[in-house]
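Student: This is the structure, below, for whatever I ask next.
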Amino acid sequence: MLRRSLPRRVALALFCMLPLVAVAHGPSRQKVTKDIVVKAPAAKVWGLISDFCSISKWHPGVVKCEGTGGNEVGAKRVLTVGKEGGPQIAEELQLYDAAKMTYKYRITKTDVSVLPVATYSAFLSVADNGDGTSTVSWKGGFYRSWGKNNPPPEQNDEAAVKAVTGTYEAGLANIKKLAEQ
Amino acid sequence: MSLSRRLRAGFAAVALAGTPALAATQAPLAFVTNQGDDSVTVIDLAARKTVATLAVGKKPAGVAASMAAGEFAFISNPDGNELTVLDPRGPRTVRSIATGASPLGIVADPVRPRVYVTNWFDRRVEIVDRDAARVIGNYAVGNTPAGLAVSRDGTLLAVANRDDDTVQLIELAQGGKGSVIGVGRRPFGITFSQDGRWLFSANVRSDDVSIVDLASRRETARVKVGDAPYASIYDAKRGRLFVTNQQDSTVSVIDVAAARELTRIPVGDYPEGIDYSARLDRVYVASWFDNALFVIDPAGLTVEGRIPCGDGSRAFGEFIRE
């Protein structure tokens with residue numbers, strides 16, 4: 001049978017693609033917004049995160065970032081999560097505005113074991129609070145990875161929101177730590 | 001002539017005679033579905049103020065609130081498999097109506113006392129009798145039906161078959177006889193021009209809008225817009241189409257006769273539902289991420305203001321009652 005003869009890694013790759021193909025409307029879109037106030041000027045904080053592929057330098061969960069295209073719209077990056085050889089997430093830059101200190105990116109291929117989402121995109125922005133401090137905001141909109149009804153617990157709405165929330169909180173806390181050093 | 005049609009004709013005559021009537025005395029109202037908190041924000045558009053927040057069903061998305069809906073407004077609740085009926089006088093919730101699975105797109109028939117509802121997973125459009133408050137039948141359609149529209153004269157019902165990349169036209173007076181027209185990739189929101197000359201579909205995946213000529217029943221142009229267009233509304237006064245681009249937080253403005261994009265207006269994040277008030281000559285856009293309704297001046301092509309809504313404001317459909 002064809003299905004049995006498929007090499008495991010091909011089957012795995014196909015499985016990982018499924019949630020992205022099944023763009024969802026049955027499940028409803030989720031959102032997560034997280035902010036952190038940093039006791040450092042906005043320009044300094046923006047300097048830490050302004051390069052699209054700098055994420056491996058400031059996010060504790062990302063051990064490697066391989067990018068192409070710099071900070072141009074359409075630039076790509078592949079993140080390795082957790083450890084060398086760990087799960088990978090591919091992303092693409094959608095909008096970039098240095099004057100407003102903001103960019104938006106989408107996930108083009110996720111690994112549901114670490115980020116069980118579909119049709120995900122997010123903004124990362126820095127705002128000047130006018131008193132020498134700044135606020136970093138990370139906000140994402142996405143569907144759960146399971147596009148049909150009756151998702152398994154590891155791929156339901158709660159699991160998706162929890163994974164994204166954890167990702168944002170860890171990243172923002174470390175941006176604050178690095179900027180306030 | 002049906003009873004309800006006679007009643008409407010009578011109502012119009014009374015309004016013309018100068019007797020205070022709802023349509024003439026009440027400011028235009030917007031009914032914005034808030035998918036994140038299971039509510040509808042009712043906004044007085046002249047005052048730009050919220051007049052009520054109504055609890056509805058689960059994850060409300062679609063809305064049919066134009067005058068074509070008669071004395072009530074209808075909300076689709078995809079996660080609750082039901083519609084919520086609202087009374088604009090009040091405003092208040094009146095009842096719910098059970099539907100098939102995942103009702104999403106919804107539109108009112110301006111001629112018959114009906115609303116039509118797409119069932120996202122089930123390849124059908126349900127027919128709801130507004131007077132009987134129940135589903136009375138359905139039309140078979142294509143895969144993953146999303147947006148709906150009815151021509152102003154009530155002859156045509158249009159359905160976006162999202163996963164077929166088609167729009168389907170159903171002849172309402174001819175027992176649902178229909179035709180299928182190829183458009184761009186993943187059509188979602190659709191709308192007619194008021195004169196019945198064109199149908200427009202916003203194609204989420206191919207980042208364009210299809211202009212369908214209704215006389216020849218063909219797609220005559222495909223106009224590139226922003227990232228992930230969701231829905232559109234036609235400004236008959238200026239011959240322009242306004243299109244929400246979910247992924248780049250803008251509204252595209254298209255010159256329909258020239259079939260080209262004129263500009264993009266920055267609005268809130270994830271702009272989705274869009275509608276036009278002829279009485280106020282303004283375009284209104286729901287921003288899902290920013291929980292707000294943006295006000296656009298269609299003459300100056302500028303954002304004039306924003307009105308706060310509930311969480312995840314979507315407003316998919318004709319959400320303004322003039």
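So you can find residues: chains in the structure tokens are A, B, ... in the order shown, residues in each start at 1, and ligands are numbered from 1 in order.
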Among chain A, which residues does DSSP mark as strand (DSSP E or B) when it is run on the backbone? Keep the chain and numbering as in the structure and answer as a ChimeraX atom specification.

Tutor: /A:30-38,62-68,76-81,88-97,102-109,117-128,134-144

Student: With the cut-off set at 9 Å and counting only C-alpha atoms, tabulate each residue of chain B with an atom at most that distance from an atom of chain A, showing the nearest atom pair and its distance in Å to one decimal, ordered by chain and increasing number, as CSV.

Tutor:
```
residue,atom,partner,partner_atom,distance
B:Gln35,CA,A:Ser28,CA,7.9
B:Gly36,CA,A:Gln30,CA,8.0
B:Lys59,CA,A:Ser28,CA,7.2
B:Pro78,CA,A:Gly26,CA,7.1
B:Asp79,CA,A:Gly26,CA,7.8
B:Ser102,CA,A:Gly26,CA,6.4
B:Leu104,CA,A:His25,CA,8.7
B:Trp120,CA,A:Gly26,CA,6.9
B:Phe121,CA,A:Gly26,CA,7.7
B:Asp227,CA,A:Gln94,CA,8.8
B:Gln247,CA,A:Ser121,CA,8.1
B:Asp248,CA,A:Leu95,CA,7.3
B:Tyr270,CA,A:Gly141,CA,8.6
B:Phe289,CA,A:Lys31,CA,7.5
B:Gly312,CA,A:Lys31,CA,8.4
```

Student: Quick one: residues within 6 Å of A:Leu124, only C-alpha atoms counted, chain neighbours fewer than 2 positions away excluded, as an mmCIF file with N, CA and C atoms, in the first residue's frame?

Tutor:
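Contents of the output file around10.cif:
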```cif
data_model
loop_
_atom_site.group_PDB
_atom_site.id
_atom_site.type_symbol
_atom_site.label_atom_id
_atom_site.label_comp_id
_atom_site.auth_asym_id
_atom_site.auth_seq_id
_atom_site.Cartn_x
_atom_site.Cartn_y
_atom_site.Cartn_z
ATOM 1 N N THR A 102 8.336 48.933 14.134
ATOM 2 C CA THR A 102 7.417 47.790 14.132
ATOM 3 C C THR A 102 7.660 46.894 12.933
ATOM 4 N N TYR A 103 7.425 45.602 13.101
ATOM 5 C CA TYR A 103 7.350 44.715 11.949
ATOM 6 C C TYR A 103 6.344 43.610 12.182
ATOM 7 N N SER A 137 5.636 45.535 22.513
ATOM 8 C CA SER A 137 4.394 44.766 22.360
ATOM 9 C C SER A 137 4.605 43.664 21.345
ATOM 10 N N TRP A 138 4.058 42.528 21.667
ATOM 11 C CA TRP A 138 4.079 41.392 20.740
ATOM 12 C C TRP A 138 2.645 40.923 20.643
#
```

Student: Would you work out the distance separating atom CA of B:Ser232 from atom CA of B:Phe188, expressed in Å to one decimal?

Tutor: 9.8 Å

Student: Hey, which of A:Val63, A:Ala40, A:Ala173, A:Val114 ends up closest to A:Gly82? Count only C-alpha atoms.

Tutor: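 Going through A:Val63, A:Ala40, A:Ala173, A:Val114 one by one, the smallest distance to A:Gly82 is for A:Val63.
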
Student: Quick check, in Å to one decimal: how far apart do atom CA of A:Leu93 and atom CA of B:Ser210 lie?

Tutor: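 Spanning atom CA of A:Leu93 to atom CA of B:Ser210 is a straight-line distance of 26.6 Å.
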
Student: Quick one: residues within 8 Å of A:Pro87, only C-alpha atoms counted, chain neighbours fewer than 2 positions away excluded, as a VMD selection string?

Tutor: chain A and resid 80 to 82 85 89 111 113 to 114

Student: Quick check for you: according to DSSP on this backbone, which residues of stretch 76-198 of chain B are classed as helix (DSSP H, G or I)? Reply as a list in words.

Tutor: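 After running DSSP on the backbone, stretch 76-198 of chain B has helix (DSSP H, G or I) at Arg162, Asp163, Asp164, Leu172, Ala173 and Gln174 of chain B.
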
Student: Here is a test: counting only C-alpha atoms, which residue of B:Ala68, B:Val150, B:Ile75, B:Val225 is nearest to B:Ala55?

Tutor: B:Ile75

Student: Quick one: pull the distance between atom CA of B:Ala47 and atom CA of B:Phe31, Å, one decimal.

Tutor: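 Computing the Euclidean distance for atom CA of B:Ala47 and atom CA of B:Phe31 yields 14.6 Å.
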
Student: Would you kindly return, as a PyMOL selection string, each protein, DNA or RNA residue with an atom no farther than 10 Å from any atom of A:Asp131, considering only C-alpha atoms and excluding same-chain residues fewer than 3 positions away?

Tutor: chain A and resi 39-41+128+134

Student: Filtering to C-alpha atoms, could you give me those residues as a PDB file, in the first residue's frame?

Tutor:
```pdb
ATOM      1  CA  LYS A  39      13.514  50.934  31.626  1.00  0.00           C
ATOM      2  CA  ALA A  40      15.573  51.844  28.594  1.00  0.00           C
ATOM      3  CA  PRO A  41      15.120  54.259  25.680  1.00  0.00           C
ATOM      4  CA  ASP A 128       8.578  55.401  23.272  1.00  0.00           C
ATOM      5  CA  SER A 134       9.636  52.122  26.407  1.00  0.00           C
TER       6      SER A 134
END
```

Student: Quick one: residues within 9 Å of stretch 292-295 of chain B, only C-alpha atoms, excluding same-chain residues fewer than 3 positions away - as a PDB file with N, CA and C atoms, in the first residue's frame?

Tutor:
```pdb
ATOM      1  N   VAL B  32     -22.092  45.327  15.161  1.00  0.00           N
ATOM      2  CA  VAL B  32     -20.762  44.743  14.985  1.00  0.00           C
ATOM      3  C   VAL B  32     -20.648  43.471  15.821  1.00  0.00           C
ATOM      4  N   VAL B 267      -5.594  51.298   8.194  1.00  0.00           N
ATOM      5  CA  VAL B 267      -6.620  51.264   9.244  1.00  0.00           C
ATOM      6  C   VAL B 267      -6.085  50.417  10.403  1.00  0.00           C
ATOM      7  N   GLY B 268      -6.945  49.808  11.193  1.00  0.00           N
ATOM      8  CA  GLY B 268      -6.490  48.953  12.293  1.00  0.00           C
ATOM      9  C   GLY B 268      -6.004  47.607  11.778  1.00  0.00           C
ATOM     10  N   PRO B 271      -8.309  44.233   9.407  1.00  0.00           N
ATOM     11  CA  PRO B 271      -9.591  44.795   8.991  1.00  0.00           C
ATOM     12  C   PRO B 271     -10.414  43.703   8.309  1.00  0.00           C
ATOM     13  N   ARG B 282     -20.344  57.523   4.488  1.00  0.00           N
ATOM     14  CA  ARG B 282     -19.109  57.080   5.140  1.00  0.00           C
ATOM     15  C   ARG B 282     -18.969  55.569   4.981  1.00  0.00           C
ATOM     16  N   VAL B 283     -17.709  55.117   4.937  1.00  0.00           N
ATOM     17  CA  VAL B 283     -17.403  53.691   4.913  1.00  0.00           C
ATOM     18  C   VAL B 283     -16.939  53.296   6.316  1.00  0.00           C
ATOM     19  N   TYR B 284     -17.383  52.127   6.771  1.00  0.00           N
ATOM     20  CA  TYR B 284     -17.039  51.663   8.121  1.00  0.00           C
ATOM     21  C   TYR B 284     -16.355  50.301   8.036  1.00  0.00           C
ATOM     22  N   VAL B 285     -15.271  50.151   8.808  1.00  0.00           N
ATOM     23  CA  VAL B 285     -14.445  48.944   8.737  1.00  0.00           C
ATOM     24  C   VAL B 285     -14.212  48.403  10.146  1.00  0.00           C
ATOM     25  N   ALA B 286     -14.518  47.134  10.354  1.00  0.00           N
ATOM     26  CA  ALA B 286     -14.262  46.512  11.659  1.00  0.00           C
ATOM     27  C   ALA B 286     -12.830  45.982  11.697  1.00  0.00           C
ATOM     28  N   SER B 287     -12.108  46.334  12.752  1.00  0.00           N
ATOM     29  CA  SER B 287     -10.740  45.840  12.929  1.00  0.00           C
ATOM     30  C   SER B 287     -10.752  44.767  14.012  1.00  0.00           C
ATOM     31  N   TRP B 288     -10.492  43.535  13.582  1.00  0.00           N
ATOM     32  CA  TRP B 288     -10.589  42.394  14.490  1.00  0.00           C
ATOM     33  C   TRP B 288      -9.562  42.493  15.621  1.00  0.00           C
ATOM     34  N   PHE B 289      -8.356  42.897  15.274  1.00  0.00           N
ATOM     35  CA  PHE B 289      -7.343  42.926  16.338  1.00  0.00           C
ATOM     36  C   PHE B 289      -7.508  44.137  17.252  1.00  0.00           C
ATOM     37  N   THR B 302      -9.678  59.283   3.752  1.00  0.00           N
ATOM     38  CA  THR B 302      -8.940  59.369   5.011  1.00  0.00           C
ATOM     39  C   THR B 302      -9.745  58.725   6.132  1.00  0.00           C
ATOM     40  N   VAL B 303      -9.030  58.302   7.171  1.00  0.00           N
ATOM     41  CA  VAL B 303      -9.691  57.782   8.369  1.00  0.00           C
ATOM     42  C   VAL B 303     -10.105  58.974   9.226  1.00  0.00           C
ATOM     43  N   GLU B 304     -11.378  59.011   9.569  1.00  0.00           N
ATOM     44  CA  GLU B 304     -11.899  60.140  10.357  1.00  0.00           C
ATOM     45  C   GLU B 304     -12.009  59.834  11.831  1.00  0.00           C
ATOM     46  N   GLY B 305     -12.044  58.557  12.167  1.00  0.00           N
ATOM     47  CA  GLY B 305     -12.206  58.247  13.580  1.00  0.00           C
ATOM     48  C   GLY B 305     -12.288  56.761  13.804  1.00  0.00           C
ATOM     49  N   ARG B 306     -12.323  56.388  15.082  1.00  0.00           N
ATOM     50  CA  ARG B 306     -12.515  54.988  15.426  1.00  0.00           C
ATOM     51  C   ARG B 306     -13.431  54.893  16.634  1.00  0.00           C
ATOM     52  N   ILE B 307     -14.275  53.877  16.602  1.00  0.00           N
ATOM     53  CA  ILE B 307     -15.275  53.690  17.647  1.00  0.00           C
ATOM     54  C   ILE B 307     -14.982  52.346  18.317  1.00  0.00           C
ATOM     55  N   PRO B 308     -14.778  52.324  19.636  1.00  0.00           N
ATOM     56  CA  PRO B 308     -14.447  51.062  20.301  1.00  0.00           C
ATOM     57  C   PRO B 308     -15.575  50.040  20.204  1.00  0.00           C
ATOM     58  N   CYS B 309     -15.202  48.769  20.002  1.00  0.00           N
ATOM     59  CA  CYS B 309     -16.168  47.660  19.981  1.00  0.00           C
ATOM     60  C   CYS B 309     -15.721  46.620  20.997  1.00  0.00           C
ATOM     61  N   GLY B 310     -16.360  45.447  20.975  1.00  0.00           N
ATOM     62  CA  GLY B 310     -15.956  44.357  21.859  1.00  0.00           C
ATOM     63  C   GLY B 310     -14.754  43.621  21.300  1.00  0.00           C
ATOM     64  N   ASP B 311     -14.410  42.499  21.911  1.00  0.00           N
ATOM     65  CA  ASP B 311     -13.209  41.767  21.525  1.00  0.00           C
ATOM     66  C   ASP B 311     -13.404  40.982  20.221  1.00  0.00           C
ATOM     67  N   GLY B 312     -12.494  41.208  19.287  1.00  0.00           N
ATOM     68  CA  GLY B 312     -12.532  40.457  18.036  1.00  0.00           C
ATOM     69  C   GLY B 312     -13.672  40.898  17.133  1.00  0.00           C
ATOM     70  N   SER B 313     -13.764  42.206  16.902  1.00  0.00           N
ATOM     71  CA  SER B 313     -14.875  42.724  16.101  1.00  0.00           C
ATOM     72  C   SER B 313     -14.708  42.313  14.647  1.00  0.00           C
TER      73      SER B 313
END
```

Student: Could you name the residues that touch stretch 160-167 of chain A at 7 Å or less, counting only C-alpha atoms, but leaving out those on the same chain fewer than 4 positions away, as a PyMOL selection string?

Tutor: chain A and resi 32+115-117+144+155-156+171

Student: Looking at B:Thr155, B:Gln168, B:Asn203, B:Asn245, which one is nearest to B:Asn143, with distances taken over only C-alpha atoms?

Tutor: B:Gln168
